[in-house]
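Listing of input.txt, compact mmCIF, C-alpha atoms
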```
# COMPACT_ATOMS: atom_id res chain seq x y z
CA MET Z 277 -39.04 -18.61 253.29
CA ARG Z 278 -42.24 -19.38 255.16
CA ARG Z 279 -45.85 -18.42 254.92
CA LYS Z 280 -47.98 -17.31 257.79
CA THR Z 281 -49.75 -20.12 259.52
CA PHE Z 282 -52.60 -19.91 261.98
CA PHE Z 283 -50.05 -20.37 264.78
CA SER Z 284 -47.22 -18.11 263.50
CA HIS Z 285 -48.00 -15.44 266.09
CA LEU Z 286 -47.55 -17.97 268.90
CA LEU Z 287 -43.96 -18.79 268.00
CA ASP Z 288 -41.31 -16.43 269.28
CA THR Z 289 -38.17 -17.50 267.45
CA ASP Z 290 -36.16 -14.31 267.98
CA GLN Z 291 -33.58 -15.90 270.23
CA LEU Z 292 -32.78 -18.69 267.80
CA ILE Z 293 -32.72 -16.30 264.86
CA MET Z 294 -30.29 -14.06 266.71
CA MET Z 295 -28.09 -17.00 267.52
CA VAL Z 296 -27.96 -18.12 263.88
CA GLU Z 297 -27.38 -14.52 262.79
CA ARG Z 298 -24.43 -14.38 265.14
CA LEU Z 299 -22.91 -17.73 264.18
CA LEU Z 300 -23.18 -17.44 260.41
CA GLU Z 301 -22.14 -14.61 258.18
CA ILE Z 302 -23.40 -15.73 254.79
CA GLU Z 303 -27.04 -14.94 254.15
CA GLU Z 304 -27.66 -18.08 252.11
CA GLU Z 305 -26.33 -20.26 254.93
CA LYS Z 306 -28.43 -18.44 257.53
CA LEU Z 307 -31.55 -18.94 255.42
CA GLU Z 308 -30.87 -22.64 254.98
CA ILE Z 309 -30.44 -23.23 258.71
CA LEU Z 310 -33.41 -21.02 259.64
CA ASP Z 311 -35.55 -22.88 257.12
CA MET Z 312 -34.60 -26.17 258.75
CA ILE Z 313 -35.45 -24.76 262.19
CA ASP Z 314 -38.77 -23.48 260.86
CA SER Z 315 -39.60 -26.87 259.38
CA THR Z 316 -38.69 -28.59 262.67
CA LEU Z 317 -40.98 -26.29 264.64
CA HIS Z 318 -43.73 -26.69 262.09
CA HIS Z 319 -43.65 -30.48 262.29
CA ARG Z 320 -43.53 -30.41 266.11
CA VAL Z 321 -46.49 -28.05 266.38
CA ILE Z 322 -48.72 -29.93 263.94
CA ASP Z 323 -47.70 -33.16 265.65
CA LYS Z 324 -48.75 -31.68 269.00
CA VAL Z 325 -52.05 -30.38 267.60
CA LEU Z 326 -52.91 -33.83 266.27
CA ASP Z 327 -51.87 -35.45 269.56
CA GLU Z 328 -54.40 -33.23 271.31
CA LEU Z 329 -57.19 -33.23 268.73
CA ASP Z 330 -59.71 -36.04 268.66
CA ASP Z 331 -58.91 -38.50 265.84
CA ARG Z 332 -62.28 -37.98 264.17
CA HIS Z 333 -61.36 -34.37 263.35
CA HIS Z 334 -57.92 -35.12 261.95
CA GLU Z 335 -58.84 -35.54 258.32
CA LEU Z 336 -60.92 -32.39 258.16
CA PHE Z 337 -58.34 -30.38 260.02
CA MET Z 338 -55.48 -31.56 257.80
CA THR Z 339 -57.55 -31.05 254.65
CA GLU Z 340 -58.28 -27.43 255.48
CA TYR Z 341 -54.81 -26.83 256.84
CA SER Z 342 -53.27 -28.10 253.61
CA ARG Z 343 -55.55 -25.77 251.66
CA ASP Z 344 -54.86 -22.64 253.67
CA PRO Z 345 -52.43 -22.86 256.61
CA GLY Z 346 -52.90 -19.17 257.41
CA ASN Z 347 -56.66 -19.43 257.91
CA GLU Z 348 -57.35 -17.95 261.32
CA GLU Z 349 -60.53 -20.00 261.57
CA LEU Z 350 -58.38 -23.05 262.16
CA LEU Z 351 -57.30 -21.69 265.52
CA TYR Z 352 -60.90 -20.98 266.48
CA PHE Z 353 -61.84 -24.48 265.46
CA LEU Z 354 -59.05 -25.96 267.56
CA LYS Z 355 -59.92 -23.77 270.55
CA LYS Z 356 -63.43 -25.15 270.52
CA HIS Z 357 -62.05 -28.64 270.99
CA ILE Z 358 -58.91 -27.85 272.98
CA PRO Z 359 -59.46 -24.62 274.95
CA ASP Z 360 -55.80 -24.26 275.93
CA ILE Z 361 -54.38 -25.14 272.52
CA GLU Z 362 -52.54 -21.82 272.29
CA ASP Z 363 -50.65 -22.57 275.51
CA LYS Z 364 -49.92 -26.08 274.29
CA ILE Z 365 -48.55 -24.82 270.98
CA GLN Z 366 -46.40 -22.26 272.77
CA LEU Z 367 -45.06 -24.85 275.20
CA GLU Z 368 -44.22 -27.24 272.37
CA SER Z 369 -42.47 -24.48 270.48
CA LYS Z 370 -40.53 -23.38 273.56
CA ALA Z 371 -39.45 -26.93 274.37
CA THR Z 372 -38.29 -27.54 270.81
CA GLN Z 373 -36.46 -24.23 270.64
CA SER Z 374 -34.89 -24.72 274.04
CA SER Z 375 -33.59 -28.13 273.01
CA LEU Z 376 -32.19 -26.68 269.76
CA PHE Z 377 -30.70 -23.75 271.64
CA GLU Z 378 -28.93 -26.02 274.13
CA ASP Z 379 -27.49 -28.24 271.40
CA ILE Z 380 -26.22 -25.25 269.44
CA LYS Z 381 -24.70 -23.82 272.62
CA LYS Z 382 -22.92 -27.14 273.23
CA LEU Z 383 -21.59 -26.97 269.69
CA GLU Z 384 -20.24 -23.49 270.40
CA ALA Z 385 -18.65 -24.62 273.65
CA ASN Z 386 -16.87 -27.49 271.90
CA ASN Z 387 -15.27 -25.15 269.38
CA MET G 182 -14.96 -18.84 260.04
CA LYS G 183 -12.96 -21.05 257.72
CA GLN G 184 -14.30 -21.86 254.30
CA VAL G 185 -14.88 -25.53 253.49
CA ASN G 186 -15.74 -25.93 249.82
CA ASN G 187 -18.51 -23.42 249.20
CA LYS G 188 -19.86 -23.27 252.72
CA THR G 189 -18.32 -22.43 256.05
CA SER G 190 -17.44 -25.06 258.63
CA ALA G 191 -19.77 -23.30 261.09
CA PHE G 192 -22.60 -23.96 258.66
CA TYR G 193 -21.85 -27.67 258.37
CA LYS G 194 -21.69 -28.05 262.15
CA LEU G 195 -24.98 -26.21 262.60
CA GLN G 196 -26.52 -28.21 259.79
CA GLN G 197 -25.63 -31.41 261.62
CA VAL G 198 -27.11 -30.29 264.93
CA VAL G 199 -30.27 -28.71 263.52
CA GLY G 200 -30.64 -31.49 260.94
CA ASP G 201 -30.76 -34.06 263.71
CA HIS G 202 -33.72 -32.26 265.33
CA HIS G 203 -35.33 -31.83 261.94
CA ILE G 204 -35.21 -35.51 261.04
CA LYS G 205 -36.53 -36.53 264.47
CA ALA G 206 -39.45 -34.10 264.16
CA LYS G 207 -40.36 -35.40 260.71
CA THR G 208 -40.03 -39.05 261.72
CA LYS G 209 -42.16 -38.49 264.82
CA PHE G 210 -44.89 -36.78 262.78
CA THR G 211 -45.12 -39.45 260.07
CA GLY G 212 -44.83 -42.23 262.64
CA SER G 213 -47.45 -40.93 265.08
CA HIS G 214 -49.96 -39.57 262.61
CA GLN G 215 -49.99 -41.82 259.59
CA LYS G 216 -53.59 -41.00 258.74
CA ALA G 217 -52.84 -37.27 258.74
CA HIS G 218 -49.82 -37.95 256.59
CA LYS G 219 -52.02 -39.88 254.16
CA THR G 220 -54.53 -37.02 254.09
CA LEU G 221 -51.74 -34.69 253.04
CA LYS G 222 -50.60 -37.15 250.39
CA LYS G 223 -54.14 -37.29 249.08
CA HIS G 224 -53.93 -33.54 248.56
CA SER G 225 -50.45 -33.93 247.06
CA ARG G 226 -48.86 -31.75 249.73
CA THR G 227 -46.25 -32.23 252.42
CA LEU G 228 -46.05 -30.21 255.61
CA ASP G 229 -43.01 -28.43 254.16
CA GLU G 230 -44.87 -27.51 251.00
CA ILE G 231 -47.72 -26.11 253.06
CA ARG G 232 -45.23 -24.17 255.18
CA THR G 233 -43.35 -22.66 252.26
CA LYS G 234 -46.04 -22.32 249.60
CA GLY G 235 -48.99 -21.32 251.76
CA ALA G 236 -52.57 -21.46 250.60
CA LEU G 237 -53.68 -23.16 247.44
CA ALA G 238 -54.87 -20.58 244.93
CA ALA G 239 -58.48 -21.67 245.09
CA SER G 240 -58.60 -22.03 248.85
CA THR G 241 -61.26 -20.30 250.87
CA ALA G 242 -62.05 -20.10 254.52
CA ALA G 243 -65.43 -21.64 254.00
CA ILE G 244 -64.69 -25.12 255.30
CA ALA G 245 -63.03 -23.87 258.43
CA SER G 246 -65.91 -21.49 258.98
CA ILE G 247 -68.38 -24.34 258.95
CA LEU G 248 -66.07 -26.48 261.04
CA ALA G 249 -65.83 -23.74 263.59
CA THR G 250 -69.53 -23.12 263.80
CA SER G 251 -70.75 -26.72 263.79
CA PRO G 252 -67.92 -29.10 264.53
CA VAL G 253 -70.09 -31.94 265.77
CA ALA G 254 -72.33 -31.92 262.73
CA ILE G 255 -69.31 -32.02 260.48
CA ALA G 256 -67.70 -34.79 262.44
CA GLU G 257 -70.77 -36.93 261.92
CA ASN G 258 -70.90 -35.99 258.28
CA PRO G 259 -67.36 -36.05 256.94
CA PRO G 260 -66.85 -34.66 253.46
CA VAL G 261 -67.04 -37.10 250.61
CA ASP G 262 -64.35 -37.19 247.98
CA ASN G 263 -66.61 -38.29 245.16
CA PRO G 264 -67.58 -35.09 243.32
CA GLU G 265 -70.65 -36.77 241.88
CA ASN G 266 -72.02 -37.45 245.33
CA PRO G 267 -71.27 -34.48 247.57
CA ASN G 268 -72.95 -34.18 250.92
CA LYS G 269 -74.97 -31.15 251.96
CA ASN G 270 -72.10 -29.45 253.67
CA GLN G 271 -69.95 -29.68 250.60
CA ILE G 272 -72.69 -28.14 248.50
CA LYS G 273 -72.90 -25.33 251.01
CA ILE G 274 -69.16 -24.87 250.85
CA GLU G 275 -69.12 -24.78 247.08
CA GLU G 276 -71.91 -22.22 247.11
CA GLN G 277 -69.94 -20.05 249.51
CA LYS G 278 -66.80 -20.42 247.40
CA LYS G 279 -68.53 -18.86 244.42
CA ASP G 280 -69.03 -15.64 246.37
CA LEU G 281 -65.52 -15.46 247.78
CA PRO G 282 -62.34 -14.07 246.29
CA PRO G 283 -59.32 -16.39 246.41
CA ALA G 284 -57.46 -16.23 249.75
CA GLU G 285 -54.63 -13.73 249.58
CA VAL G 286 -51.18 -14.72 250.71
CA PRO G 287 -48.60 -12.08 251.60
CA ASP G 288 -45.45 -11.91 249.52
CA LYS G 289 -42.42 -13.75 250.79
CA PRO G 290 -39.82 -11.25 252.10
CA GLU G 291 -37.59 -11.87 249.08
CA VAL G 292 -40.47 -11.18 246.67
CA PHE G 293 -41.38 -8.08 248.65
CA ALA G 294 -37.72 -6.96 248.47
CA GLN G 295 -37.74 -7.51 244.73
CA LYS G 296 -40.78 -5.25 244.40
CA ILE G 297 -39.01 -2.57 246.44
CA ARG G 298 -35.92 -2.83 244.26
CA SER G 299 -37.98 -2.59 241.09
CA ILE G 300 -39.29 0.78 242.30
CA ILE G 301 -35.84 1.99 243.36
CA GLY G 302 -34.14 0.83 240.16
CA ASN G 303 -30.58 2.11 239.90
CA LYS G 304 -31.36 5.45 241.52
CA SER G 305 -29.44 6.65 244.55
CA ARG G 306 -32.14 9.12 245.52
CA LEU G 307 -35.86 8.51 245.34
CA SER G 308 -38.32 10.82 243.59
CA PRO G 309 -41.61 11.80 245.31
CA GLU G 310 -43.37 9.34 242.96
CA ASP G 311 -41.00 6.53 244.01
CA GLU G 312 -41.59 7.35 247.67
CA LYS G 313 -45.34 7.35 247.15
CA ALA G 314 -45.23 3.95 245.42
CA LEU G 315 -42.95 2.54 248.12
CA GLY G 316 -45.14 3.96 250.90
CA GLN G 317 -48.13 2.18 249.41
CA LEU G 318 -46.25 -1.08 248.93
CA ILE G 319 -44.87 -1.06 252.48
CA SER G 320 -48.24 -0.09 253.98
CA GLU G 321 -50.06 -2.89 252.21
CA HIS G 322 -47.43 -5.51 252.95
CA PHE G 323 -47.21 -4.83 256.69
CA GLY G 324 -50.67 -3.41 257.30
CA VAL G 325 -49.29 -0.09 258.50
CA LYS G 326 -49.37 3.53 257.32
CA ALA G 327 -45.90 4.24 256.01
CA SER G 328 -44.66 7.34 254.21
CA ALA G 329 -41.44 9.21 253.52
CA GLU G 330 -43.07 12.41 254.72
CA LEU G 331 -45.33 12.86 257.72
CA ASP G 332 -46.95 16.04 259.02
CA GLY G 333 -45.00 17.91 256.33
CA ASN G 334 -41.69 16.72 257.79
CA ARG G 335 -39.14 14.35 256.35
CA LEU G 336 -35.54 13.26 256.64
CA ASN G 337 -33.01 14.22 253.96
CA VAL G 338 -33.34 10.79 252.32
CA SER G 339 -35.61 7.78 252.60
CA TYR G 340 -33.24 5.30 250.95
CA GLY G 341 -29.57 4.77 251.74
CA MET G 342 -27.03 2.81 253.72
CA ILE G 343 -27.63 1.88 257.34
CA GLY G 344 -24.76 1.15 259.72
CA GLY G 345 -24.73 -0.70 263.02
CA GLU G 346 -24.56 1.49 266.13
CA GLN G 347 -23.68 0.73 269.73
CA HIS G 348 -26.15 0.99 272.57
CA LEU G 349 -26.93 4.43 273.95
CA PRO G 350 -26.58 5.29 277.64
CA ARG G 351 -30.15 5.36 278.92
CA TYR G 352 -29.46 7.12 282.21
CA PRO G 353 -26.37 8.53 283.96
CA GLY G 354 -24.02 5.68 284.84
CA ASP G 355 -25.60 3.18 282.41
CA THR G 356 -23.28 0.43 281.13
CA ALA G 357 -23.29 -2.00 278.20
CA ALA G 358 -23.65 -4.91 280.61
CA ALA G 359 -26.79 -3.35 282.11
CA HIS G 360 -28.45 -3.70 278.68
CA TYR G 361 -28.27 -7.48 278.98
CA THR G 362 -31.35 -9.33 280.13
CA GLU G 363 -30.93 -12.91 281.27
CA GLY G 364 -32.13 -15.41 278.72
CA GLU G 365 -31.69 -13.02 275.82
CA ASP G 366 -29.02 -13.10 273.18
CA ILE G 367 -25.71 -11.70 274.42
CA TYR G 368 -24.71 -10.30 271.03
CA PRO G 369 -26.37 -6.87 271.34
CA THR G 370 -24.69 -6.36 274.71
CA LEU G 371 -21.32 -7.17 273.17
CA SER G 372 -21.82 -4.32 270.72
CA GLY G 373 -20.90 -1.94 273.53
CA ILE G 374 -22.19 1.48 274.49
CA THR G 375 -21.44 4.94 273.10
CA PRO G 376 -19.37 7.22 275.31
CA GLY G 377 -21.79 10.12 274.79
CA ARG G 378 -25.54 10.51 275.03
CA GLY G 379 -27.90 10.43 272.05
CA ALA G 380 -29.16 13.61 270.38
CA TRP G 381 -32.09 13.76 272.83
CA GLY G 382 -29.98 13.17 275.94
CA TYR G 383 -30.58 10.40 278.42
CA PHE G 384 -33.79 8.40 278.04
CA ALA G 385 -34.42 8.76 281.78
CA PRO G 386 -32.83 10.84 284.57
CA SER G 387 -31.98 7.70 286.59
CA LYS G 388 -32.07 3.92 286.44
CA GLY G 389 -35.17 3.89 288.59
CA ALA G 390 -36.98 6.25 286.25
CA LEU G 391 -36.35 4.10 283.18
CA THR G 392 -39.72 2.72 282.12
CA GLU G 393 -40.21 -0.46 280.06
CA ASP G 394 -41.33 1.71 277.13
CA LEU G 395 -38.14 3.75 277.22
CA LYS G 396 -36.09 0.58 277.54
CA THR G 397 -37.74 -0.70 274.36
CA THR G 398 -37.23 2.64 272.61
CA GLU G 399 -33.49 2.41 273.24
CA GLN G 400 -33.44 -1.26 272.31
CA TYR G 401 -34.86 -0.43 268.89
CA TYR G 402 -33.48 3.02 268.34
CA LEU G 403 -32.83 4.37 264.88
CA VAL G 404 -30.54 7.08 263.67
CA GLY G 405 -31.33 9.62 260.95
CA GLN G 406 -29.55 12.73 259.71
CA THR G 407 -32.06 15.11 261.22
CA PHE G 408 -29.56 17.95 260.88
CA LEU G 409 -29.89 17.59 257.09
CA ALA G 410 -33.70 17.48 257.12
CA PRO G 411 -35.47 20.13 255.01
CA GLY G 412 -36.34 23.10 257.22
CA TRP G 413 -33.81 22.23 259.95
CA GLY G 414 -32.11 25.65 259.66
CA SER G 415 -35.31 27.64 260.13
CA ARG G 416 -37.37 25.29 262.37
CA THR G 417 -34.66 23.64 264.41
CA LYS G 418 -36.46 23.48 267.78
CA GLU G 419 -39.77 22.40 266.22
CA LEU G 420 -38.13 19.64 264.20
CA TYR G 421 -35.90 18.58 267.10
CA ASP G 422 -39.04 17.92 269.14
CA TRP G 423 -40.91 16.33 266.25
CA PHE G 424 -38.15 13.86 265.39
CA LYS G 425 -37.63 12.75 269.00
CA TYR G 426 -38.60 9.05 269.30
CA ARG G 427 -40.46 9.28 265.99
CA LYS G 428 -41.60 5.82 264.92
CA MET G 429 -40.16 4.53 261.65
CA ILE G 430 -39.91 1.30 259.72
CA VAL G 431 -36.60 0.20 258.27
CA ILE G 432 -36.48 -2.44 255.52
CA ASN G 433 -33.51 -4.32 254.10
CA THR G 434 -33.89 -3.83 250.34
CA ASN G 435 -31.94 -7.03 249.65
CA THR G 436 -34.01 -9.40 251.75
CA GLY G 437 -37.23 -7.63 252.78
CA LYS G 438 -36.41 -8.13 256.46
CA ALA G 439 -37.85 -5.27 258.49
CA CYS G 440 -37.88 -3.72 261.91
CA VAL G 441 -39.86 -0.94 263.56
CA GLY G 442 -37.90 1.47 265.71
CA GLU G 443 -37.87 5.03 266.97
CA LEU G 444 -35.41 7.81 266.23
CA GLY G 445 -33.06 7.90 269.21
CA ASP G 446 -30.05 9.70 267.84
CA SER G 447 -28.98 12.03 265.06
CA GLY G 448 -26.36 10.93 262.53
CA PRO G 449 -24.34 9.35 261.02
CA ALA G 450 -21.77 11.96 259.97
CA THR G 451 -21.98 12.69 256.25
CA TRP G 452 -18.42 11.56 255.56
CA THR G 453 -19.30 7.98 256.55
CA GLY G 454 -21.32 7.49 253.37
CA LYS G 455 -24.17 6.15 255.51
CA SER G 456 -27.56 7.82 255.89
CA PHE G 457 -29.03 5.83 258.76
CA GLY G 458 -28.05 3.91 261.85
CA GLY G 459 -29.64 1.16 263.90
CA SER G 460 -29.24 -0.30 267.37
CA PRO G 461 -27.67 -3.78 267.65
CA GLU G 462 -31.17 -5.27 267.90
CA VAL G 463 -32.41 -3.39 264.83
CA MET G 464 -29.41 -4.64 262.86
CA ILE G 465 -30.20 -8.22 263.84
CA HIS G 466 -33.77 -7.94 262.65
CA VAL G 467 -32.91 -6.33 259.32
CA GLY G 468 -30.14 -8.87 258.78
CA TYR G 469 -27.07 -6.64 258.90
CA SER G 470 -25.68 -7.69 262.29
CA THR G 471 -22.66 -9.54 260.96
CA GLY G 472 -19.78 -8.75 258.63
CA SER G 473 -19.52 -5.06 257.75
CA ARG G 474 -22.75 -4.38 259.68
CA LYS G 475 -24.12 -2.11 256.98
CA GLY G 476 -26.28 -2.30 253.89
CA PRO G 477 -29.02 -0.61 251.88
CA VAL G 478 -32.40 0.07 253.44
CA VAL G 479 -35.48 2.21 253.01
CA MET G 480 -36.61 4.02 256.13
CA PHE G 481 -40.12 5.45 256.27
CA PHE G 482 -42.19 7.16 258.95
CA LEU G 483 -45.11 5.31 260.46
CA ASP G 484 -48.34 7.16 261.09
CA ASP G 485 -49.29 5.42 264.31
CA ALA G 486 -50.97 7.94 266.57
CA GLU G 487 -52.80 5.13 268.38
CA ASN G 488 -49.51 3.33 269.07
CA GLN G 489 -50.75 0.10 267.50
CA VAL G 490 -47.47 -0.96 265.90
CA SER G 491 -44.98 -2.57 268.27
CA LEU G 492 -41.27 -1.89 268.12
CA GLY G 493 -39.08 -4.74 266.89
CA LYS G 494 -39.26 -7.22 264.06
CA ILE G 495 -42.27 -6.83 261.79
CA GLU G 496 -43.62 -9.36 259.32
CA ALA G 497 -46.13 -9.29 256.51
CA GLN G 498 -49.73 -8.85 257.48
CA VAL G 499 -51.98 -11.82 256.91
CA PRO G 500 -55.36 -10.81 255.52
CA ASN G 501 -58.25 -11.61 257.83
CA THR G 502 -60.32 -14.34 256.23
CA ASN G 503 -62.83 -14.59 259.03
CA LEU G 504 -66.26 -15.37 257.69
CA PHE G 505 -68.36 -15.34 260.78
CA ASN G 506 -68.85 -12.95 263.63
CA LYS G 507 -66.62 -13.75 266.55
```
Structure translated into structure tokens:
Amino acid sequence: MRRKTFFSHLLDTDQLIMMVERLLEIEEEKLEILDMIDSTLHHRVIDKVLDELDDRHHELFMTEYSRDPGNEELLYFLKKHIPDIEDKIQLESKATQSSLFEDIKKLEANN
Amino acid sequence: MKQVNNKTSAFYKLQQVVGDHHIKAKTKFTGSHQKAHKTLKKHSRTLDEIRTKGALAASTAAIASILATSPVAIAENPPVDNPENPNKNQIKIEEQKKDLPPAEVPDKPEVFAQKIRSIIGNKSRLSPEDEKALGQLISEHFGVKASAELDGNRLNVSYGMIGGEQHLPRYPGDTAAAHYTEGEDIYPTLSGITPGRGAWGYFAPSKGALTEDLKTTEQYYLVGQTFLAPGWGSRTKELYDWFKYRKMIVINTNTGKACVGELGDSGPATWTGKSFGGSPEVMIHVGYSTGSRKGPVVMFFLDDAENQVSLGKIEAQVPNTNLFNK
């Protein structure tokens, strides 16, 4: 479903995965929802990285990222410019997941 | 869950909720970072394509390496798109590319599962050659040392059905509710707790003596038919000790989902038709936590004397493409 990215190890999605596993029984459905969650997180994280990174580095960063999203050097590059980028990525991921988690819980409560 | 057309109503409701977040995230990205979006377009890729397809075949880590070592210089000298007029950095990059193999990308879980199934074929029991090939495939995919036999010991089978187990009492007086940690999914707790202890007794003599490591061992405990292991009749005590909390990897042969756990109980009974068991958490990670809570898996030992492999979900190893000394 997804490839490793330079920030994969910073995203702990276990709780959301477990919730989807619990709510859906059909594997194909689970994969479709988890893929959508993954895409949401991906967009949020890259959005956050670009918010934090100086504009003049955007093109180079996106060029290399599009070539090889799993390249660990990308994280080192970002850390040189934004020392706490790992914390920022984790916070963004947690906030996104928390918001998703709450909305799914509300959905459960309404059923 | 009621069926609506081909998909369940639960799916449609979830799709609506998650879809809303998804659209907002995409709109925010394209709205806030139009230049970045254009850069991606220039390379004919979307963020979703990057996420699902990974590296381009000819990609190398060279650019990022130079970026990382001299970001300022690069920023003042952005790469030029015209191939007839490359700047110095691009020439350097191209030179480095010639010496580098293409970046490797790990198989998607479903592709990995397909490779496993191609080795298993329609056999119900694996040959030593099959186990060797699987051990190599699993080791390379996850970056671990996996084998069906370790230190001359093995279980009766390395491929078979796994069934969902309940939690095990970790100490005298332990309850299912005590397994719940605030903020975590409630589902494993709802699976309940067995009335008796596991094959190796309580994990700790009291609640106070239960360490975090032992907690994790129980959380990700596995079950194997140790009583059917070769040599059990003649080396019972030796094997009993050897199997205790022995680290293994269990892989769903349908999906490639995998989890690392430790043997925490002996079973299931032969009449069940199952060969292995897994804690509620293990079943979640291998994708058999719903429905009949069982399915085919391969379960191999991990040679991890240095205790480098964590218990829990495990994903494909990403090759290290680092080009400079950190």
**OP:** Rounded to one decimal place, report the CA of Leu336 in chain G-CA of Thr407 in chain G distance in Å.
**Re:**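 The value is 6.0 Å.
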Subject >> Distance filter 8 Å, all atoms listed in the file, chain Z against chain G, as a PyMOL selection string >> reply: chain Z and resi 277-281+291+294-295+297-301+305+309+312-313+315-320+322-323+326+332-336+338-340+342-350+352-353+356+376+379-380+383
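Reported to one decimal place, the separation of CA of Gly405 in chain G from CA of Thr434 in chain G is 17.3 Å.
In this structure, CA of Asp331 in chain Z sits 19.0 Å away from CA of Glu362 in chain Z.
Counting only C-alpha atoms, the residue from Z:Leu287, Z:Leu354, Z:Ala385, Z:Val296 that sits nearest to Thr372 in chain Z is Z:Leu287.
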Subject >> Nearest-residue call for Lys475 in chain G, choices G:Ala380, G:Met342, G:Ala450, G:Ala294, using all atoms listed in the file >> reply: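 Nearest candidate to Lys475 in chain G out of G:Ala380, G:Met342, G:Ala450, G:Ala294: G:Met342.
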**OP:** Write out as a VMD selection string the residues lying within 10 Å of Gly454 in chain G, counting all atoms listed in the file and excluding same-chain residues fewer than 6 positions away.
**Re:** chain G and resid 341 to 344
**OP:** Can you pull out every residue within 9 Å of Lys364 in chain Z, counting all atoms listed in the file, but drop anything in the same chain fewer than 2 positions away, and send it as a PyMOL selection string?
**Re:** chain Z and resi 321+324-325+328+360-362+366-369
Original post:
Pick from G:Val479, G:Ala327, G:Ala314, G:Ala439: nearest to Gly493 in chain G, with only C-alpha atoms counted?
Top reply: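 Nearest candidate to Gly493 in chain G out of G:Val479, G:Ala327, G:Ala314, G:Ala439: G:Ala439.
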**OP:** Go through Z:His357, Z:Asp311, Z:Asp330, Z:Ile365 and flag the residue nearest Phe282 in chain Z, using all atoms listed in the file for the distances.
**Re:** Z:Ile365
**OP:** Considering only C-alpha atoms, return as a list in words whatever protein or nucleic-acid residues lie within 8 Å of Tyr340 in chain G, sequence-local ones (same chain, fewer than 6 positions apart) excluded.
**Re:**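 The filter keeps Ser305, Arg306, Leu307, Ser456, Pro477, Val478, Val479 and Met480 of chain G.
For Glu346 in chain G, the residues within 9 Å (counting all atoms listed in the file, excluding itself and residues fewer than 3 positions away along the chain) are Leu349, Ser372, Gly373, Ile374, Thr375, Leu403, Val404, Gly458, Gly459, Ser460, Pro461, Met464 and Arg474 of chain G.
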Restricted to C-alpha atoms, what would the selected residues look like written as a compact mmCIF listing (two decimals), keeping the file's coordinate frame?
```
# COMPACT_ATOMS: atom_id res chain seq x y z
CA LEU G 349 -26.93 4.43 273.95
CA SER G 372 -21.82 -4.32 270.72
CA GLY G 373 -20.90 -1.94 273.53
CA ILE G 374 -22.19 1.48 274.49
CA THR G 375 -21.44 4.94 273.10
CA LEU G 403 -32.83 4.37 264.88
CA VAL G 404 -30.54 7.08 263.67
CA GLY G 458 -28.05 3.91 261.85
CA GLY G 459 -29.64 1.16 263.90
CA SER G 460 -29.24 -0.30 267.37
CA PRO G 461 -27.67 -3.78 267.65
CA MET G 464 -29.41 -4.64 262.86
CA ARG G 474 -22.75 -4.38 259.68
```
Could you complete range 399-409 of chain G so that it carries N, CA and C atoms, and give it back as a PDB file, in the frame of the given file?
```pdb
ATOM      1  N   GLU G 399     -34.943   2.463 273.416  1.00  0.00           N
ATOM      2  CA  GLU G 399     -33.490   2.410 273.240  1.00  0.00           C
ATOM      3  C   GLU G 399     -33.077   1.122 272.545  1.00  0.00           C
ATOM      4  N   GLN G 400     -33.759   0.039 272.896  1.00  0.00           N
ATOM      5  CA  GLN G 400     -33.440  -1.260 272.310  1.00  0.00           C
ATOM      6  C   GLN G 400     -33.586  -1.214 270.775  1.00  0.00           C
ATOM      7  N   TYR G 401     -34.590  -0.503 270.324  1.00  0.00           N
ATOM      8  CA  TYR G 401     -34.860  -0.430 268.890  1.00  0.00           C
ATOM      9  C   TYR G 401     -34.698   0.994 268.377  1.00  0.00           C
ATOM     10  N   TYR G 402     -33.626   1.637 268.779  1.00  0.00           N
ATOM     11  CA  TYR G 402     -33.480   3.020 268.340  1.00  0.00           C
ATOM     12  C   TYR G 402     -32.886   3.091 266.928  1.00  0.00           C
ATOM     13  N   LEU G 403     -33.307   4.128 266.245  1.00  0.00           N
ATOM     14  CA  LEU G 403     -32.830   4.370 264.880  1.00  0.00           C
ATOM     15  C   LEU G 403     -32.095   5.693 264.841  1.00  0.00           C
ATOM     16  N   VAL G 404     -31.298   5.854 263.833  1.00  0.00           N
ATOM     17  CA  VAL G 404     -30.540   7.080 263.670  1.00  0.00           C
ATOM     18  C   VAL G 404     -30.810   7.656 262.290  1.00  0.00           C
ATOM     19  N   GLY G 405     -31.112   8.938 262.227  1.00  0.00           N
ATOM     20  CA  GLY G 405     -31.330   9.620 260.950  1.00  0.00           C
ATOM     21  C   GLY G 405     -30.610  10.956 260.963  1.00  0.00           C
ATOM     22  N   GLN G 406     -30.295  11.458 259.779  1.00  0.00           N
ATOM     23  CA  GLN G 406     -29.550  12.730 259.710  1.00  0.00           C
ATOM     24  C   GLN G 406     -30.510  13.897 259.813  1.00  0.00           C
ATOM     25  N   THR G 407     -31.051  14.065 260.989  1.00  0.00           N
ATOM     26  CA  THR G 407     -32.060  15.110 261.220  1.00  0.00           C
ATOM     27  C   THR G 407     -31.500  16.501 260.907  1.00  0.00           C
ATOM     28  N   PHE G 408     -30.192  16.642 261.110  1.00  0.00           N
ATOM     29  CA  PHE G 408     -29.560  17.950 260.880  1.00  0.00           C
ATOM     30  C   PHE G 408     -29.518  18.315 259.395  1.00  0.00           C
ATOM     31  N   LEU G 409     -29.832  17.320 258.533  1.00  0.00           N
ATOM     32  CA  LEU G 409     -29.890  17.590 257.090  1.00  0.00           C
ATOM     33  C   LEU G 409     -31.335  17.638 256.591  1.00  0.00           C
TER      34      LEU G 409
END
```
